[in-house]
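Enquirer: Just dropping this structure here.
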Amino acid sequence: MARTLLRIIITVLGGAVAAVIGAALFVGLPADMTELVGILLTVLVAIAGVRMAYSVSDSLFPSYNVAEVAVNGPISRDSNSRPLPSSPMDPGADEIVEQIERADAEEHVDALLVKLNTPGGEVVPSDDIRRAIEDFDGPSIAYTTDLCASGGYWIASGCDELWARKGSIVGSIGVIGSRYNIADLADRLGVSYERFVAGDFKDAGSPFREMSDEERDYLQQRVDEFYDQFIERVAEGRDLEESFVRDTEAKVYLGEEAHKLDLVDHIGTTDDIREQLQTQLDADEIVIEQFEPERGFVFQLQQSTAKVAYAFGAGVANVLSDGTRFRFR
C-alpha cells in the first residue's frame, strides 16, 4: 500500500512540475504565439512529464510480477525497415529482445507474457526473439488474439505455452521467397541490363533478366534450408514430430482446430492466463507490466503529440458523425 501511494505521489508531482515548466515556456511566449498553441504545448509537456514520472516511480517501487512484451505487425530487425509498418510505435526485433532481457534482469519479474499479433517476417530477427525468450529465467507464455503466423509461430515455439482464442489465425509454418520479373517491361521501355559480376550467382534473382534453371534451383535450396530450420525449431519447441509439422504444408488454422492439432496449448483469454499464472507462481495477485523500448524525452514528446493529434481527429470525426453524414451520390 505504501509503495502504491509513493508511486502515485511521484507521478502526480512529475506531471505538475512538467505542467509548470510547459506553461512557463509556451504560454508566456510573446503575443504572436496564440494562447491555444501555448496551451496545447503545455498539455504535451505535461503528458510526457507524467509518463516519465510514472516510469521513475515504477522503477523505484515496482508493483508488477509479470512482464509483457508485444510483437505487432511484420517482424524485422529495425521497425524503420518495415515496408508496411502497423504503427510507427511498434518496436523492431532488437528492441523486443532488449525488453525481454530487461525483464529477465528484474528480480521481481517472475514470468513473461509474449503478445503476438503478426503475419510473420524476417527469419533471423524472429529467431533472435525466440532465443531471448528461451533464455528468460521463468515461465514464458505466448498468446494471440488475432494472428500468430509464420515468424510469429516461430517465436511462439520458443515459449512454454501458446494460448489463442477460438477465432485466432495460427500456423503458416513455411518460408516464402519471391522476386519480380520485369525483363519484358524493360525491353519495351528500351532499358537494358549489363551484367558485371564476380561469382556466377552474385546477381541470382535480378528482376531485370530471365532466371536460369540453375539459379532457380540455387535460390529454392536457400528457401528449403530456412524451411528445414523452421520445422526443426517448431518440432523441438512444441514437442511434435517433424513429419507432422511438414504435413501442415504451411496452412493456417483457426484457434480451436489448432488446439486439436496440438499447435496451441490452450484456448482462453488473458483472464484465464492470469488465473493459471496465479496458481503456477503461487502469487496473491498477478500484476502485468507492459514493457516498452527505452526511448528518450524527444520520442516521448513525439508520441504524446501523435496521441493528442489522434484524439483531436477522433473528436472531430465523432462530431461529424453525430447525426451528420456526408455521401457521394
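In the C-alpha cells, each chain is lettered A, B, ... as it comes, each chain's residues begin at 1, and ligands are numbered from 1 in order of appearance.
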Extract, using only C-alpha atoms, all DNA, RNA and protein residues at most 10 Å from His108 (chain A), discarding same-chain residues fewer than 4 positions from it, and format them as a PyMOL selection string.

Expert: chain A and resi 62-67+103-104

Enquirer: Give me the residues within 9 Å of region 165-178 of chain A as a ChimeraX atom specification, counting only C-alpha atoms and dropping any in the same chain fewer than 3 places off.

Expert: /A:119-120,123,143-154,205,219-220,223-224,226-227,230-231,234,245-246,248-259,263-264,266-269

Enquirer: Write the residues you've just listed into a file as a JSON list (two decimals), in the first residue's frame, and include C-alpha atoms for each of them.

Expert:
[["chain", "number", "residue", "atom", "x", "y", "z"],
["A", 119, "PRO", "CA", 1.80, -12.26, -40.01],
["A", 120, "GLY", "CA", 5.49, -13.12, -39.67],
["A", 123, "VAL", "CA", 13.80, -15.29, -40.33],
["A", 143, "TYR", "CA", -0.78, -15.65, -26.54],
["A", 144, "THR", "CA", -2.56, -14.32, -29.59],
["A", 145, "THR", "CA", -5.99, -12.85, -30.07],
["A", 146, "ASP", "CA", -5.89, -12.28, -33.82],
["A", 147, "LEU", "CA", -2.92, -13.54, -35.81],
["A", 148, "CYS", "CA", 0.09, -15.71, -34.99],
["A", 149, "ALA", "CA", 1.52, -16.84, -38.31],
["A", 150, "SER", "CA", 4.86, -17.80, -39.82],
["A", 151, "GLY", "CA", 7.59, -15.88, -37.93],
["A", 152, "GLY", "CA", 5.10, -15.27, -35.14],
["A", 153, "TYR", "CA", 4.67, -19.02, -34.70],
["A", 154, "TRP", "CA", 8.46, -19.41, -34.90],
["A", 205, "GLY", "CA", 17.26, -13.31, -58.80],
["A", 219, "LEU", "CA", 17.51, -19.96, -54.61],
["A", 220, "GLN", "CA", 15.00, -22.71, -53.90],
["A", 223, "VAL", "CA", 14.39, -21.34, -49.06],
["A", 224, "ASP", "CA", 14.35, -25.08, -48.31],
["A", 226, "PHE", "CA", 15.24, -21.95, -43.94],
["A", 227, "TYR", "CA", 12.19, -24.19, -44.03],
["A", 230, "PHE", "CA", 11.66, -23.69, -39.13],
["A", 231, "ILE", "CA", 10.41, -27.30, -38.98],
["A", 234, "VAL", "CA", 8.76, -25.92, -34.14],
["A", 245, "VAL", "CA", 4.83, -30.30, -38.83],
["A", 246, "ARG", "CA", 5.72, -30.76, -42.50],
["A", 248, "THR", "CA", 0.69, -28.92, -42.18],
["A", 249, "GLU", "CA", 2.10, -27.62, -45.50],
["A", 250, "ALA", "CA", 2.15, -24.05, -44.21],
["A", 251, "LYS", "CA", -1.63, -23.99, -43.73],
["A", 252, "VAL", "CA", -3.29, -21.62, -41.29],
["A", 253, "TYR", "CA", -5.83, -22.82, -38.75],
["A", 254, "LEU", "CA", -8.40, -21.24, -36.52],
["A", 255, "GLY", "CA", -7.51, -21.43, -32.86],
["A", 256, "GLU", "CA", -9.90, -24.24, -31.99],
["A", 257, "GLU", "CA", -8.61, -26.50, -34.78],
["A", 258, "ALA", "CA", -5.00, -25.57, -33.97],
["A", 259, "HIS", "CA", -5.70, -26.64, -30.38],
["A", 263, "LEU", "CA", -0.32, -26.47, -32.34],
["A", 264, "VAL", "CA", -1.89, -24.47, -29.47],
["A", 266, "HIS", "CA", -4.94, -23.65, -24.51],
["A", 267, "ILE", "CA", -7.95, -21.72, -25.75],
["A", 268, "GLY", "CA", -8.75, -18.82, -23.47],
["A", 269, "THR", "CA", -8.47, -15.14, -22.62]]

Enquirer: Between CA of Ala142 (chain A) and CA of Leu116 (chain A), what is the distance in Å, rounded to a tenth?

Expert: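 That distance, rounded to one decimal, is 7.0 Å.
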
Enquirer: Please identify the strand (DSSP E) residues within region 82-321 of chain A (assignment by DSSP from backbone atoms) and present them as a ChimeraX atom specification.

Expert: /A:111-117,140-144,147-149,161-164,169-171,252-254,266-267,288-290

Enquirer: Any chance you could list, as a list in words, the residues in region 231-274 of chain A that come up helix (DSSP H, G or I) when DSSP is run on the backbone?

Expert: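 Filtering region 231-274 of chain A down to helix (DSSP H, G or I) leaves Ile231, Glu232, Arg233, Val234, Ala235, Glu236, Gly237, Arg238, Glu242, Ser243, Phe244, Val245, Arg246, Asp247, Gly255, Glu256, Glu257, Ala258, His259, Lys260, Thr270, Asp271, Asp272, Ile273 and Arg274 of chain A.
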
Enquirer: Neighbours of Ile273 (chain A) within 12 Å (only C-alpha atoms; same-chain residues fewer than 6 positions away dropped), as a ChimeraX atom specification?

Expert: /A:66,111-115,139-144,161-165,265-267,279-281,286-288

Enquirer: What's the separation between CA of Leu44 (chain A) and CA of Asp94 (chain A), in Å to one decimal place?

Expert: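 Separation between CA of Leu44 (chain A) and CA of Asp94 (chain A): 28.4 Å.
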
Enquirer: CA of Asn181 (chain A) to CA of Ser206 (chain A): how many Å, to one decimal?

Expert: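 About the pair CA of Asn181 (chain A) and CA of Ser206 (chain A): they are 7.9 Å apart.
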
Enquirer: Excluding Gly158 (chain A) and residues on its chain fewer than 4 positions from it, collect all residues at most 6 Å away from it, counting only C-alpha atoms, and give them as a list of chain:residue names.

Expert: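 Once the adjacent positions are removed, what remains is A:Arg130, A:Glu134, A:Gly237.
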